[in-house]
Amino acid sequence: MTNQLSQVAAADGGGGVPDARELRTILIAVSIALMAVIASVSGLNVAQTHMAVEFSASQNAVLWIINIYTLALAALLLPLGAIGDRLGRKPMLIAGLVIFGTSNVAAALAPSVAVMLSARVASGIGAAMIMPITLAVITSTFPEEQRGKAIGVWTGVAGGGGILGMFLSALLVDVADWRWLFALPVVLVVVALALTLKSVPNSRERAAHSFDSVGALVSTVAVVGLIFVLQEGPERGWTAPAILISLIVGFLATVGFVGWELHRRDASLLDVRLFREPGLAGGSLTLLVVFGVQAGIGVVLFPFFQAVLGWSGLLSTVAMMPMAVMMMATSGLAPLLAARIGARATMATGILLTGAGLALLAAIVSVDGGYLSVLPGMVAMGIGMGLSMTPSTEAITRSLPREKQGVASALNDVTREFGTALGVALLGALVAAGYRNTIDNKLDGIPQDTADTAREGIANAIETADSAGSHAQDLVHAAQQSFVAGWQQAMWASVAVMGVLFIYVALRGPKSQDPARGDDAEMVEPVASR
């Protein structure tokens, strides 16, 4: 208890416990801030062609404009989450919002690729200051009996916000100019900043140990190395020298980080010993897989809507909305179910439903079946992911002490980013491999140059179909059928992964209360100040 008292979150001033209205405003503020960050992850995907034309940029440069934001965000989550715990969560959130908003304005006005890249790096830094603090504010401010519901709202925004952000971005591209994409996060930042200044309380850790600078640096190197591999591997090739070097550096830095944190023990950036607890291990693994599957689904659904069904980018994002809506709705309901049947049973139910949705996507998808052949699977997946994500997030935050909630939130976010990168890379590779293996047997009579182009992907096949002469329709149909075959291969592999995860969570999932966090009665509440 003495150690807990020495580490308790300290206030910067007076102020009582927020009432119901104030808590609602706090939740709105952090949810809007989180939405700005999440929308910026996926929003630029709909403007790749526009950026390439305006900047006369290669596809690789355009992908770097998109990916460098996520790279900077993921790399700095843990260090900045820990700094926020020490310096104060409200100041860190305000600073992050200012940096994030300013850099998005700079990106909107960027005259060149170099300026755009710099603005996106700055945006990633600001996002890394915002994202862990939004969850840490909830866990350090809301009373125990209301915390689960608030985390459910946060999780719903984190899970469904990307699809919603992509829809709004596609709408802006259709009705205005691609540079107006940056207006959405700027508007959200302005609203979040106003609410934060007025309503969000401050709390911070009274540190008993010096900041773990070595751990922060090594963790940054590890995350940059591994995320770079997952982002660039599919484009450059998994055996490219840069990819292999990055993999080795990332792996060695990860091993070094674990060793250093075990050496630092209670003074560590992240006490890796806590991964022996079912809550932290089970929650982290579930988020890794669920967010990986969610991101990977985008790899197959958007090409299906656009290349197979022939829909526009805007209509394709609208088609994804049922999954996002169900995910956000069930994320809010998950705490109620967990209170009745327990966190482990709720997570297992969500994982089971997600696996069932993937099985439906694999079993009944067809070119002729169109949207109705994928809708049931999308709905089941949305419900399942919503039920599994909220208790997983709460299990992670429960596993670390209250004064380390910035680190707990950052760990939750890093896991999410790793899962996203992993899902896109692996499911994308499975779809591509299945497509190539299938279409190879369907190119008889197609000119060689056209056939070689068609093997690169369904979009390439459709674009070059006119050069196939009388076989044009046959080529388009073959490409569509081959894409569905690759889709089914990826979905069945995902079902197998969800099956393994279900067994693990059913046997080793988090309990209602984890010993690392302890009963709230044993913890000293942080005093809120504004």
# chains A, B, ... in the order shown; residues from 1 in each chain; ligands from 1
$ residues_around --residues "Met92 in chain A" --least-positions-apart "4" --cutoff "9 Å" --atoms "only C-alpha atoms" --output "list in words"
Leu80, Gly81, Ile83, Gly84, Asp85, Leu87, Gly88, Gly96, Leu97, Met129, Ile130 and Ile133 of chain A
$ residues_around --residues "Val30 in chain A" --least-positions-apart "6" --cutoff "8 Å" --atoms "only C-alpha atoms" --output "list in words"
Thr134, Leu135, Val137, Ala192 and Thr196 of chain A
$ write_last_selection --atoms "N, CA, C and O atoms" --output "tab-separated table (two decimals), in the first residue's frame"
chain	number	residue	atom	x	y	z
A	134	THR	N	-6.90	9.75	-24.31
A	134	THR	CA	-8.37	9.71	-24.34
A	134	THR	C	-8.90	8.55	-23.49
A	134	THR	O	-9.86	8.72	-22.73
A	135	LEU	N	-8.27	7.40	-23.60
A	135	LEU	CA	-8.71	6.25	-22.79
A	135	LEU	C	-8.26	6.40	-21.35
A	135	LEU	O	-9.00	6.04	-20.42
A	137	VAL	N	-7.97	9.13	-19.65
A	137	VAL	CA	-8.89	10.07	-18.99
A	137	VAL	C	-10.13	9.33	-18.51
A	137	VAL	O	-10.62	9.56	-17.40
A	192	ALA	N	-13.18	19.24	-30.01
A	192	ALA	CA	-12.59	18.49	-28.89
A	192	ALA	C	-11.75	19.40	-28.00
A	192	ALA	O	-11.77	19.27	-26.76
A	196	THR	N	-12.36	20.03	-24.13
A	196	THR	CA	-11.27	19.63	-23.22
A	196	THR	C	-10.89	20.77	-22.29
A	196	THR	O	-10.73	20.58	-21.08
$ atom_distance --atom1 "CA of Glu456 in chain A" --atom2 "CA of Val290 in chain A"
28.4 Å
$ atom_distance --atom1 "CA of Ala433 in chain A" --atom2 "CA of Met498 in chain A"
21.0 Å
$ atom_distance --atom1 "CA of Ser388 in chain A" --atom2 "CA of Ile26 in chain A"
24.3 Å
$ closest_atom_pairs --of "range 270-304 of chain A" --to "range 37-51 of chain A" --cutoff "12 Å" --atoms "only C-alpha atoms" --output "JSON lines"
{"residue": "A:Ala295", "atom": "CA", "partner": "A:Ser42", "partner_atom": "CA", "distance": 10.1}
{"residue": "A:Gly298", "atom": "CA", "partner": "A:Ser42", "partner_atom": "CA", "distance": 10.4}
{"residue": "A:Val299", "atom": "CA", "partner": "A:Asn45", "partner_atom": "CA", "distance": 11.6}
{"residue": "A:Phe302", "atom": "CA", "partner": "A:Val46", "partner_atom": "CA", "distance": 10.7}
$ residues_around --residues "range 348-363 of chain A" --least-positions-apart "2" --cutoff "8 Å" --atoms "only C-alpha atoms" --output "ChimeraX atom specification"
/A:344-346,365,373-374,376-388,487-489,491-492,494-495,498-499,501-502,505-506
$ residues_around --residues "range 468-480 of chain A" --least-positions-apart "4" --cutoff "6 Å" --atoms "only C-alpha atoms" --output "PyMOL selection string"
chain A and resi 308+458+462
$ residues_around --residues "Gly457 in chain A" --least-positions-apart "6" --cutoff "9 Å" --atoms "only C-alpha atoms" --output "compact mmCIF listing (two decimals) with C-alpha atoms, in the first residue's frame"
# COMPACT_ATOMS: atom_id res chain seq x y z
CA ALA A 432 -3.32 -12.09 -53.81
CA TYR A 435 -6.16 -14.82 -57.02
CA ARG A 436 -2.96 -15.59 -58.94
CA ALA A 479 -10.66 -11.99 -62.72
CA PHE A 483 -10.72 -12.71 -56.69
$ residues_around --residues "Lys149 in chain A" --least-positions-apart "5" --cutoff "10 Å" --atoms "only C-alpha atoms" --output "PDB file with N, CA and C atoms, in the first residue's frame"
ATOM      1  N   PHE A 142     -13.736   8.146 -14.548  1.00  0.00           N
ATOM      2  CA  PHE A 142     -15.061   7.556 -14.354  1.00  0.00           C
ATOM      3  C   PHE A 142     -15.067   6.591 -13.167  1.00  0.00           C
ATOM      4  N   GLU A 144     -16.000   3.290 -10.954  1.00  0.00           N
ATOM      5  CA  GLU A 144     -15.961   1.887 -11.356  1.00  0.00           C
ATOM      6  C   GLU A 144     -17.262   1.426 -12.001  1.00  0.00           C
ATOM      7  N   TRP A 154     -15.879   4.380 -26.077  1.00  0.00           N
ATOM      8  CA  TRP A 154     -14.543   4.627 -26.628  1.00  0.00           C
ATOM      9  C   TRP A 154     -14.170   3.531 -27.635  1.00  0.00           C
ATOM     10  N   THR A 155     -14.426   2.276 -27.269  1.00  0.00           N
ATOM     11  CA  THR A 155     -14.087   1.159 -28.137  1.00  0.00           C
ATOM     12  C   THR A 155     -14.897   1.189 -29.425  1.00  0.00           C
ATOM     13  N   SER A 331     -20.537  -2.562 -28.946  1.00  0.00           N
ATOM     14  CA  SER A 331     -19.459  -2.139 -28.037  1.00  0.00           C
ATOM     15  C   SER A 331     -20.042  -1.478 -26.797  1.00  0.00           C
ATOM     16  N   GLY A 332     -21.136  -0.713 -26.984  1.00  0.00           N
ATOM     17  CA  GLY A 332     -21.791  -0.088 -25.846  1.00  0.00           C
ATOM     18  C   GLY A 332     -22.583  -1.057 -24.998  1.00  0.00           C
ATOM     19  N   LEU A 333     -23.071  -2.143 -25.613  1.00  0.00           N
ATOM     20  CA  LEU A 333     -23.856  -3.135 -24.879  1.00  0.00           C
ATOM     21  C   LEU A 333     -22.979  -4.183 -24.188  1.00  0.00           C
ATOM     22  N   ALA A 334     -21.751  -4.348 -24.661  1.00  0.00           N
ATOM     23  CA  ALA A 334     -20.865  -5.385 -24.131  1.00  0.00           C
ATOM     24  C   ALA A 334     -20.659  -5.309 -22.617  1.00  0.00           C
ATOM     25  N   PRO A 335     -20.478  -4.095 -22.020  1.00  0.00           N
ATOM     26  CA  PRO A 335     -20.302  -4.049 -20.564  1.00  0.00           C
ATOM     27  C   PRO A 335     -21.509  -4.593 -19.793  1.00  0.00           C
ATOM     28  N   LEU A 336     -22.710  -4.384 -20.311  1.00  0.00           N
ATOM     29  CA  LEU A 336     -23.903  -4.916 -19.656  1.00  0.00           C
ATOM     30  C   LEU A 336     -23.897  -6.441 -19.685  1.00  0.00           C
ATOM     31  N   THR A 390     -14.648  -4.447 -26.349  1.00  0.00           N
ATOM     32  CA  THR A 390     -14.808  -3.672 -25.117  1.00  0.00           C
ATOM     33  C   THR A 390     -14.261  -4.394 -23.892  1.00  0.00           C
TER      34      THR A 390
END
$ residues_around --residues "Val190 in chain A" --least-positions-apart "2" --cutoff "12 Å" --atoms "only C-alpha atoms" --output "list in words"
Ala29, Ile32, Ala33, Ala36, Ile94, Gly96, Leu97, Val98, Ile99, Phe100, Gly101, Thr102, Asn104, Val105, Ala183, Leu184, Pro185, Val186, Val187, Leu188, Ala192, Leu193, Ala194, Leu195, Thr196 and Leu197 of chain A
$ closest_residue --among "A:Val153, A:Leu443, A:Met131, A:Val414" --to "Ala465 in chain A" --atoms "only C-alpha atoms"
A:Leu443
$ closest_residue --among "A:Ile138, A:Leu287, A:Leu77, A:Val224" --to "Phe251 in chain A" --atoms "only C-alpha atoms"
A:Val224
$ closest_residue --among "A:Gly148, A:Gly406, A:Gly423, A:Gly292" --to "Pro132 in chain A" --atoms "only C-alpha atoms"
A:Gly406
$ select_by_dssp --residues "range 137-286 of chain A" --states "helix (DSSP H, G or I)" --output "PyMOL selection string"
chain A and resi 137-141+144-175+178-199+213-236+241-267+272-276+278-286
